[in-house]
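Student: So that you have it, the file is start30.cif, and it contains mmCIF, C-alpha atoms:
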```
data_upload
loop_
_atom_site.group_PDB
_atom_site.id
_atom_site.type_symbol
_atom_site.label_atom_id
_atom_site.label_comp_id
_atom_site.auth_asym_id
_atom_site.auth_seq_id
_atom_site.Cartn_x
_atom_site.Cartn_y
_atom_site.Cartn_z
ATOM 1 C CA MET A 1 -5.518 17.926 7.187
ATOM 2 C CA ARG A 2 -5.017 16.132 10.480
ATOM 3 C CA LYS A 3 -3.627 12.698 10.970
ATOM 4 C CA ARG A 4 -4.256 10.879 14.227
ATOM 5 C CA PHE A 5 -2.033 8.239 15.662
ATOM 6 C CA THR A 6 -1.172 6.684 19.006
ATOM 7 C CA ARG A 7 2.087 7.904 20.420
ATOM 8 C CA ILE A 8 4.248 5.337 22.178
ATOM 9 C CA VAL A 9 6.164 6.492 25.231
ATOM 10 C CA GLY A 10 8.163 4.118 27.418
ATOM 11 C CA LEU A 11 6.266 0.878 27.898
ATOM 12 C CA GLY A 12 2.852 2.499 27.891
ATOM 13 C CA ILE A 13 0.596 4.172 25.382
ATOM 14 C CA CYS A 14 -0.223 7.854 25.711
ATOM 15 C CA HIS A 15 -3.323 9.591 24.520
ATOM 16 C CA VAL A 16 -4.161 9.755 20.857
ATOM 17 C CA ALA A 17 -2.597 12.940 19.468
ATOM 18 C CA SER A 18 -2.825 14.824 16.210
ATOM 19 C CA VAL A 19 -0.112 15.852 13.800
ATOM 20 C CA ILE A 20 -1.002 18.948 11.818
ATOM 21 C CA VAL A 21 0.024 18.498 8.206
ATOM 22 C CA SER A 22 -1.118 21.912 6.992
ATOM 23 C CA GLY A 23 1.088 24.924 6.202
ATOM 24 C CA ALA A 24 3.184 26.899 8.674
ATOM 25 C CA ALA A 25 5.386 29.945 8.460
ATOM 26 C CA GLY A 26 9.142 29.974 8.954
ATOM 27 C CA LYS A 27 12.244 28.386 7.505
ATOM 28 C CA GLU A 28 12.200 24.895 6.116
ATOM 29 C CA ILE A 29 13.472 22.197 8.460
ATOM 30 C CA PHE A 30 15.807 19.476 7.223
ATOM 31 C CA LEU A 31 15.600 15.885 8.411
ATOM 32 C CA TRP A 32 18.567 13.845 7.182
ATOM 33 C CA ASP A 33 19.118 10.137 6.905
ATOM 34 C CA LEU A 34 22.764 9.225 7.597
ATOM 35 C CA ASP A 35 23.881 5.977 5.954
ATOM 36 C CA GLY A 36 23.931 6.333 2.189
ATOM 37 C CA VAL A 37 23.306 10.094 2.323
ATOM 38 C CA VAL A 38 25.868 11.609 4.682
ATOM 39 C CA LEU A 39 27.982 8.542 5.427
ATOM 40 C CA THR A 40 29.179 5.575 3.431
ATOM 41 C CA ARG A 41 30.661 2.349 4.730
ATOM 42 C CA THR A 42 34.357 1.576 4.518
ATOM 43 C CA ASN A 43 36.099 -1.774 4.966
ATOM 44 C CA MET A 44 34.109 -3.246 7.863
ATOM 45 C CA VAL A 45 35.698 -6.701 7.412
ATOM 46 C CA GLY A 46 39.148 -5.163 7.559
ATOM 47 C CA VAL A 47 38.262 -3.255 10.732
ATOM 48 C CA ALA A 48 36.941 -6.451 12.332
ATOM 49 C CA LEU A 49 40.009 -8.494 11.395
ATOM 50 C CA SER A 50 42.401 -5.800 12.587
ATOM 51 C CA TYR A 51 40.744 -5.389 15.997
ATOM 52 C CA PRO A 52 43.779 -5.609 18.328
ATOM 53 C CA ARG A 53 42.109 -7.479 21.203
ATOM 54 C CA LYS A 54 40.128 -10.097 19.289
ATOM 55 C CA LYS A 55 41.857 -13.050 20.984
ATOM 56 C CA GLU A 56 41.047 -11.645 24.410
ATOM 57 C CA LEU A 57 37.497 -10.962 23.273
ATOM 58 C CA TRP A 58 37.040 -14.492 21.979
ATOM 59 C CA ARG A 59 38.060 -15.961 25.358
ATOM 60 C CA GLN A 60 35.324 -13.904 27.046
ATOM 61 C CA LEU A 61 32.498 -15.095 24.787
ATOM 62 C CA SER A 62 30.336 -17.621 26.642
ATOM 63 C CA TYR A 63 27.957 -20.053 24.970
ATOM 64 C CA PRO A 64 24.802 -18.167 26.120
ATOM 65 C CA LEU A 65 26.223 -14.907 24.760
ATOM 66 C CA LEU A 66 27.121 -16.489 21.412
ATOM 67 C CA ARG A 67 23.690 -18.098 21.222
ATOM 68 C CA ASP A 68 21.921 -14.797 21.827
ATOM 69 C CA ALA A 69 24.206 -12.937 19.400
ATOM 70 C CA LEU A 70 23.505 -15.491 16.664
ATOM 71 C CA THR A 71 19.788 -15.075 17.299
ATOM 72 C CA VAL A 72 20.140 -11.333 16.679
ATOM 73 C CA LEU A 73 22.150 -12.004 13.516
ATOM 74 C CA PHE A 74 19.564 -14.498 12.256
ATOM 75 C CA GLY A 75 16.749 -12.019 12.839
ATOM 76 C CA ARG A 76 18.603 -9.338 10.921
ATOM 77 C CA ARG A 77 19.626 -11.493 7.966
ATOM 78 C CA VAL A 78 16.425 -13.513 7.541
ATOM 79 C CA PHE A 79 13.678 -11.170 8.724
ATOM 80 C CA GLY A 80 15.360 -7.782 8.274
ATOM 81 C CA PHE A 81 14.998 -6.822 11.939
ATOM 82 C CA LYS A 82 16.348 -3.356 12.786
ATOM 83 C CA GLY A 83 18.680 -2.231 15.554
ATOM 84 C CA ALA A 84 21.061 -5.206 15.532
ATOM 85 C CA THR A 85 24.002 -3.151 16.792
ATOM 86 C CA GLU A 86 21.959 -1.791 19.699
ATOM 87 C CA GLN A 87 21.041 -5.365 20.599
ATOM 88 C CA TYR A 88 24.683 -6.475 20.494
ATOM 89 C CA VAL A 89 25.586 -3.611 22.827
ATOM 90 C CA ARG A 90 22.783 -4.674 25.167
ATOM 91 C CA LEU A 91 24.162 -8.230 25.186
ATOM 92 C CA ALA A 92 27.665 -6.931 25.912
ATOM 93 C CA ASN A 93 26.326 -5.116 28.963
ATOM 94 C CA GLN A 94 24.080 -7.991 30.012
ATOM 95 C CA TYR A 95 26.959 -10.513 29.966
ATOM 96 C CA GLU A 96 29.498 -7.934 31.209
ATOM 97 C CA VAL A 97 31.816 -8.147 28.207
ATOM 98 C CA PRO A 98 32.861 -4.529 27.506
ATOM 99 C CA LEU A 99 35.265 -5.654 24.787
ATOM 100 C CA LEU A 100 32.298 -6.862 22.753
ATOM 101 C CA GLU A 101 30.718 -3.403 22.885
ATOM 102 C CA GLU A 102 34.021 -1.823 21.851
ATOM 103 C CA PHE A 103 34.382 -4.278 18.952
ATOM 104 C CA VAL A 104 30.797 -3.914 17.723
ATOM 105 C CA LEU A 105 30.885 -0.113 17.782
ATOM 106 C CA SER A 106 34.240 -0.031 16.005
ATOM 107 C CA VAL A 107 32.912 -2.188 13.181
ATOM 108 C CA ALA A 108 29.534 -0.420 12.991
ATOM 109 C CA ASN A 109 31.246 2.951 12.674
ATOM 110 C CA ALA A 110 33.683 1.973 9.946
ATOM 111 C CA LYS A 111 32.407 4.850 7.819
ATOM 112 C CA LYS A 112 33.511 7.916 5.930
ATOM 113 C CA VAL A 113 31.637 11.076 4.982
ATOM 114 C CA ILE A 114 30.246 11.950 1.564
ATOM 115 C CA PRO A 115 31.987 15.332 1.074
ATOM 116 C CA GLY A 116 29.380 16.913 -1.214
ATOM 117 C CA THR A 117 26.567 16.236 1.229
ATOM 118 C CA VAL A 118 28.566 17.627 4.135
ATOM 119 C CA GLU A 119 29.211 20.827 2.154
ATOM 120 C CA ILE A 120 25.470 21.226 1.524
ATOM 121 C CA MET A 121 24.790 20.712 5.232
ATOM 122 C CA ARG A 122 27.438 23.247 6.169
ATOM 123 C CA GLN A 123 25.937 25.910 3.934
ATOM 124 C CA LEU A 124 22.420 25.211 5.190
ATOM 125 C CA HIS A 125 23.721 25.472 8.757
ATOM 126 C CA GLU A 126 25.378 28.814 8.005
ATOM 127 C CA ALA A 127 22.159 30.033 6.361
ATOM 128 C CA GLY A 128 20.262 29.277 9.587
ATOM 129 C CA TYR A 129 18.193 26.273 8.504
ATOM 130 C CA PRO A 130 17.325 23.930 11.418
ATOM 131 C CA GLN A 131 18.693 20.440 10.780
ATOM 132 C CA TYR A 132 17.791 17.142 12.431
ATOM 133 C CA ILE A 133 18.774 13.515 11.975
ATOM 134 C CA GLY A 134 16.211 10.850 11.088
ATOM 135 C CA THR A 135 18.014 7.525 10.931
ATOM 136 C CA ASN A 136 17.719 3.834 11.703
ATOM 137 C CA MET A 137 21.172 4.102 13.254
ATOM 138 C CA GLY A 138 21.082 3.262 16.937
ATOM 139 C CA LYS A 139 21.477 6.066 19.459
ATOM 140 C CA THR A 140 24.444 4.299 21.080
ATOM 141 C CA VAL A 141 26.169 3.907 17.712
ATOM 142 C CA PHE A 142 25.679 7.597 16.931
ATOM 143 C CA GLU A 143 27.027 8.740 20.300
ATOM 144 C CA HIS A 144 30.166 6.687 19.640
ATOM 145 C CA LEU A 145 30.439 7.995 16.079
ATOM 146 C CA VAL A 146 30.441 11.718 16.941
ATOM 147 C CA GLN A 147 33.322 11.242 19.354
ATOM 148 C CA LYS A 148 35.546 10.918 16.276
ATOM 149 C CA LYS A 149 36.869 14.227 15.002
ATOM 150 C CA GLU A 150 35.826 13.650 11.387
ATOM 151 C CA PHE A 151 32.186 13.189 12.429
ATOM 152 C CA SER A 152 31.997 15.827 15.177
ATOM 153 C CA PHE A 153 30.109 18.224 12.865
ATOM 154 C CA LEU A 154 27.034 16.014 13.303
ATOM 155 C CA GLY A 155 26.879 17.034 16.925
ATOM 156 C CA GLU A 156 27.537 20.707 16.141
ATOM 157 C CA TRP A 157 25.232 21.449 13.193
ATOM 158 C CA PHE A 158 22.250 19.348 14.250
ATOM 159 C CA ASP A 159 19.745 19.381 17.069
ATOM 160 C CA VAL A 160 20.728 15.915 18.253
ATOM 161 C CA SER A 161 18.482 15.834 21.327
ATOM 162 C CA ALA A 162 15.424 16.349 19.110
ATOM 163 C CA SER A 163 16.548 13.993 16.340
ATOM 164 C CA GLN A 164 15.113 10.552 15.650
ATOM 165 C CA PHE A 165 17.249 7.450 16.215
ATOM 166 C CA VAL A 166 16.531 3.768 16.738
ATOM 167 C CA THR A 167 16.360 2.597 20.345
ATOM 168 C CA LEU A 168 15.592 -0.821 21.782
ATOM 169 C CA GLU A 169 12.492 0.582 23.422
ATOM 170 C CA GLY A 170 11.329 2.201 20.198
ATOM 171 C CA LEU A 171 11.877 -0.997 18.220
ATOM 172 C CA GLN A 172 9.334 -2.774 20.418
ATOM 173 C CA HIS A 173 6.692 -0.319 19.234
ATOM 174 C CA GLY A 174 7.631 -0.061 15.564
ATOM 175 C CA ILE A 175 9.416 3.296 15.715
ATOM 176 C CA PHE A 176 11.812 2.794 12.831
ATOM 177 C CA LYS A 177 11.846 3.502 9.103
ATOM 178 C CA PRO A 178 9.951 2.881 6.892
ATOM 179 C CA LYS A 179 7.144 2.843 9.482
ATOM 180 C CA LYS A 180 5.025 5.987 9.394
ATOM 181 C CA LEU A 181 5.167 6.092 13.189
ATOM 182 C CA PHE A 182 8.869 6.967 12.927
ATOM 183 C CA PHE A 183 8.012 10.268 11.237
ATOM 184 C CA GLU A 184 4.847 10.905 13.236
ATOM 185 C CA GLU A 185 6.756 10.522 16.484
ATOM 186 C CA PHE A 186 9.418 12.970 15.284
ATOM 187 C CA LEU A 187 6.808 15.585 14.358
ATOM 188 C CA LEU A 188 4.886 15.210 17.592
ATOM 189 C CA ARG A 189 7.920 15.339 19.869
ATOM 190 C CA ASN A 190 9.111 18.541 18.233
ATOM 191 C CA ASP A 191 5.700 20.123 17.613
ATOM 192 C CA LEU A 192 6.434 20.519 13.900
ATOM 193 C CA HIS A 193 4.236 20.924 10.842
ATOM 194 C CA ALA A 194 4.934 18.129 8.390
ATOM 195 C CA ASP A 195 5.076 20.286 5.272
ATOM 196 C CA ARG A 196 7.866 22.401 6.747
ATOM 197 C CA VAL A 197 10.130 19.347 6.924
ATOM 198 C CA ILE A 198 12.327 18.323 4.003
ATOM 199 C CA PHE A 199 13.352 14.702 4.536
ATOM 200 C CA ILE A 200 16.312 13.307 2.589
ATOM 201 C CA ASP A 201 16.887 9.550 2.321
ATOM 202 C CA ASP A 202 18.427 7.165 -0.189
ATOM 203 C CA ARG A 203 15.746 4.466 0.187
ATOM 204 C CA LEU A 204 12.548 4.840 -1.801
ATOM 205 C CA GLU A 205 10.386 3.031 0.776
ATOM 206 C CA ASN A 206 11.431 5.547 3.438
ATOM 207 C CA VAL A 207 10.752 8.465 1.104
ATOM 208 C CA LYS A 208 7.268 7.156 0.264
ATOM 209 C CA SER A 209 6.433 6.643 3.943
ATOM 210 C CA ALA A 210 7.547 10.178 4.798
ATOM 211 C CA ARG A 211 5.444 11.609 1.971
ATOM 212 C CA ASP A 212 2.413 9.715 3.259
ATOM 213 C CA VAL A 213 2.824 11.535 6.557
ATOM 214 C CA GLY A 214 3.064 14.868 4.748
ATOM 215 C CA LEU A 215 6.804 15.522 4.709
ATOM 216 C CA ARG A 216 8.469 16.956 1.604
ATOM 217 C CA ALA A 217 10.647 13.910 1.005
ATOM 218 C CA VAL A 218 13.509 13.724 -1.470
ATOM 219 C CA LYS A 219 15.219 10.534 -2.648
ATOM 220 C CA PHE A 220 18.965 11.051 -2.460
ATOM 221 C CA THR A 221 20.959 9.950 -5.503
ATOM 222 C CA GLY A 222 23.967 12.222 -5.042
ATOM 223 C CA PRO A 223 24.984 15.712 -3.873
ATOM 224 C CA ARG A 224 24.684 17.356 -7.304
ATOM 225 C CA ALA A 225 21.185 16.009 -7.854
ATOM 226 C CA LEU A 226 20.212 17.115 -4.348
ATOM 227 C CA VAL A 227 21.345 20.692 -5.014
ATOM 228 C CA ARG A 228 19.292 20.768 -8.225
ATOM 229 C CA ARG A 229 16.246 19.495 -6.342
ATOM 230 C CA LEU A 230 16.652 22.002 -3.526
ATOM 231 C CA LYS A 231 16.888 24.852 -6.016
ATOM 232 C CA LYS A 232 13.637 23.710 -7.623
ATOM 233 C CA MET A 233 12.054 23.676 -4.162
ATOM 234 C CA GLY A 234 13.216 27.239 -3.627
ATOM 235 C CA VAL A 235 15.466 26.343 -0.708
ATOM 236 C CA ALA A 236 18.972 26.736 -2.078
ATOM 237 C CA THR A 237 20.263 30.297 -1.727
ATOM 238 C CA ASN A 238 22.794 32.191 -3.810
ATOM 239 C CA LYS A 239 25.418 30.976 -1.376
ATOM 240 C CA MET A 240 24.630 27.340 -2.160
ATOM 241 C CA VAL A 241 27.703 25.625 -3.522
ATOM 242 C CA SER A 242 27.972 25.394 -7.295
ATOM 243 C CA ILE A 243 26.795 22.061 -8.682
ATOM 244 C CA SER A 244 29.908 21.773 -10.804
ATOM 245 C CA ARG A 245 32.125 21.926 -7.706
ATOM 246 C CA LEU A 246 30.385 19.091 -5.883
ATOM 247 C CA PRO A 247 31.886 15.592 -6.059
ATOM 248 C CA GLY A 248 29.615 12.681 -6.972
ATOM 249 C CA LYS A 249 26.373 12.617 -8.919
#
```
If you convert what's in this file into structure tokens, what do you get?

Tutor:
Amino acid sequence: MRKRFTRIVGLGICHVASVIVSGAAGKEIFLWDLDGVVLTRTNMVGVALSYPRKKELWRQLSYPLLRDALTVLFGRRVFGFKGATEQYVRLANQYEVPLLEEFVLSVANAKKVIPGTVEIMRQLHEAGYPQYIGTNMGKTVFEHLVQKKEFSFLGEWFDVSASQFVTLEGLQHGIFKPKKLFFEEFLLRNDLHADRVIFIDDRLENVKSARDVGLRAVKFTGPRALVRRLKKMGVATNKMVSISRLPGK
């Protein structure tokens, strides 16, 4: 089965290409969501309030910058627009307020790992399974995140350059979850067969969209449940961590 779509590149539209959704040999490929699957939020309010240079930052915030920032916030809260953090970073650069970028990235990356998921990823990495990231997290946010020691494994176990993140350019063309184009673009860029890809996400709408494109999508409810599902799919090996040893559901 072939599914045709228009691939967006830059500000133009390339030729109509095809994504092959039929079978292919080789190891399964894992495409992981991050927030809610690998990472969970910590005290973002506490991080914001404890930012050491907030008084200096406040003095640098002009009316036009505040106006534009509130517009981004309104779009996110009312209309559910994606990529708010990337837009705040753009505003920080546009108005030349580097402290705003530092503050926004610090708050956005107030996260901790879900240990059971990380253990599954580690064992898949050691078993030689290719792993990618498919997230609505902004590319700038991710690059800041992996600079922290506790998240450095994301840059070591995954093919980051071929992974799928949200960018300001991509947002203009609808390349974000749960849009099907998000998954189609990932497959096309990496020349992958859809049914080789196991996509793991905690949001049902993203899982349904991925399945419509042909991916073998799994709704994440916890590390234990994920191990059980992978075993049923014939992916988990004898080296896969025991379900009883995994924290969480």

Student: May I have a table of the residues of stretch 106-176 of chain A lying at most 10 Å from stretch 194-218 of chain A, giving each one's closest pair of atoms and their distance in Å to one decimal, counting all atoms listed in the file, ordered by chain and ascending residue number, as a Markdown table?

Tutor:
```
| residue | atom | partner | partner_atom | distance |
| --- | --- | --- | --- | --- |
| A:Pro130 | CA | A:Val197 | CA | 9.6 |
| A:Gln131 | CA | A:Val197 | CA | 9.5 |
| A:Tyr132 | CA | A:Phe199 | CA | 9.4 |
| A:Ile133 | CA | A:Phe199 | CA | 9.3 |
| A:Gly134 | CA | A:Phe199 | CA | 8.1 |
| A:Thr135 | CA | A:Asp201 | CA | 8.9 |
| A:Phe176 | CA | A:Asn206 | CA | 9.8 |
```

Student: Fewer than 2 positions away in the same chain doesn't count, so skip those; otherwise give me all residues within 12 Å of A:Leu65, counting all atoms listed in the file, as an MDAnalysis selection string.

Tutor: chainID A and resid 58:63 67:72 87:97 100

Student: Please indicate the distance in Å from atom CA of A:Lys82 to atom CA of A:Ser152, rounded to one decimal place.

Tutor: 24.9 Å

Student: One number please: atom CA of A:Val146 to atom CA of A:Lys112, in Å, one decimal.

Tutor: 12.0 Å

Student: Which residue, A:Phe165, A:Phe153, A:Phe103, A:Phe183, has the smallest gap to A:Val38 when you use only C-alpha atoms?

Tutor: A:Phe153

Student: Run the PyMOL selection byres ((chain A and resi 155) around 12) on the file and write out the hits as a list in words.

Tutor: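 The output of the PyMOL selection byres ((chain A and resi 155) around 12) on this file is Gln131, Tyr132, Ile133, Phe142, Glu143, His144, Leu145, Val146, Gln147, Lys148, Lys149, Glu150, Phe151, Ser152, Phe153, Leu154, Glu156, Trp157, Phe158, Asp159, Val160, Ser161, Ala162 and Ser163 of chain A.
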
Student: Would you mind reading off the distance between atom CA of A:Phe30 and atom CA of A:Ser106, one decimal, in Å?

Tutor: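 According to the coordinates, atom CA of A:Phe30 and atom CA of A:Ser106 are separated by 28.2 Å.
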
Student: From the list A:Asp33, A:Ser50, A:Lys27, A:Lys231, which residue is nearest A:Pro178 when using all atoms listed in the file?

Tutor: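 Closest residue, counting all atoms listed in the file: A:Asp33.
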
Student: Within 12 Å of A:Gly222, counting all atoms listed in the file, which residues show up once you throw out same-chain ones fewer than 6 positions away? Write them as a ChimeraX atom specification, please.

Tutor: /A:36-40,114-118,120,200-202,228-229,243,246-249

Student: Quick one: of A:Arg41, A:Gly128, A:Lys55, A:Arg76, who's nearest to A:Asn109, counting only C-alpha atoms?

Tutor: A:Arg41

Student: Name the residues that the PyMOL selection byres ((chain A and resi 168) around 9) picks from the file above, as a PDB file with C-alpha atoms, in the frame of the given file, using the file's chain letters and numbers.

Tutor:
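That gives us result-v1.pdb:
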```
ATOM      1  CA  GLY A  83      18.680  -2.231  15.554  1.00  0.00           C
ATOM      2  CA  GLU A  86      21.959  -1.791  19.699  1.00  0.00           C
ATOM      3  CA  GLN A  87      21.041  -5.365  20.599  1.00  0.00           C
ATOM      4  CA  ARG A  90      22.783  -4.674  25.167  1.00  0.00           C
ATOM      5  CA  GLY A 138      21.082   3.262  16.937  1.00  0.00           C
ATOM      6  CA  VAL A 166      16.531   3.768  16.738  1.00  0.00           C
ATOM      7  CA  THR A 167      16.360   2.597  20.345  1.00  0.00           C
ATOM      8  CA  GLU A 169      12.492   0.582  23.422  1.00  0.00           C
ATOM      9  CA  GLY A 170      11.329   2.201  20.198  1.00  0.00           C
ATOM     10  CA  LEU A 171      11.877  -0.997  18.220  1.00  0.00           C
ATOM     11  CA  GLN A 172       9.334  -2.774  20.418  1.00  0.00           C
TER      12      GLN A 172
END
```

Student: Taking all atoms listed in the file into account, name the residue in A:Lys219, A:Lys111, A:Lys139, A:Arg224 that is nearest to A:Met44.

Tutor: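 Closest residue, counting all atoms listed in the file: A:Lys111.
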
Student: For A:Lys177, which of A:Asn190, A:Asn136, A:Thr221, A:Gln164 is the closest residue, counting all atoms listed in the file?

Tutor: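 Comparing A:Asn190, A:Asn136, A:Thr221, A:Gln164 against A:Lys177, the winner is A:Asn136.
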
Student: Centre and edge lengths, as AutoDock Vina command-line options, for the axis-aligned box enclosing every listed atom of stretch 210-225 of chain A with 3 Å of padding on each of the six sides, in Å to one decimal?

Tutor:
```
--center_x 13.7 --center_y 13.5 --center_z -0.6 --size_x 28.6 --size_y 13.6 --size_z 20.4
```

Student: Using all atoms listed in the file, which of the listed residues (A:Val141, A:Ala48, A:Leu99, A:Asp35) sits closest to A:Ala84?

Tutor: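 Smallest distance to A:Ala84 is found for A:Val141.
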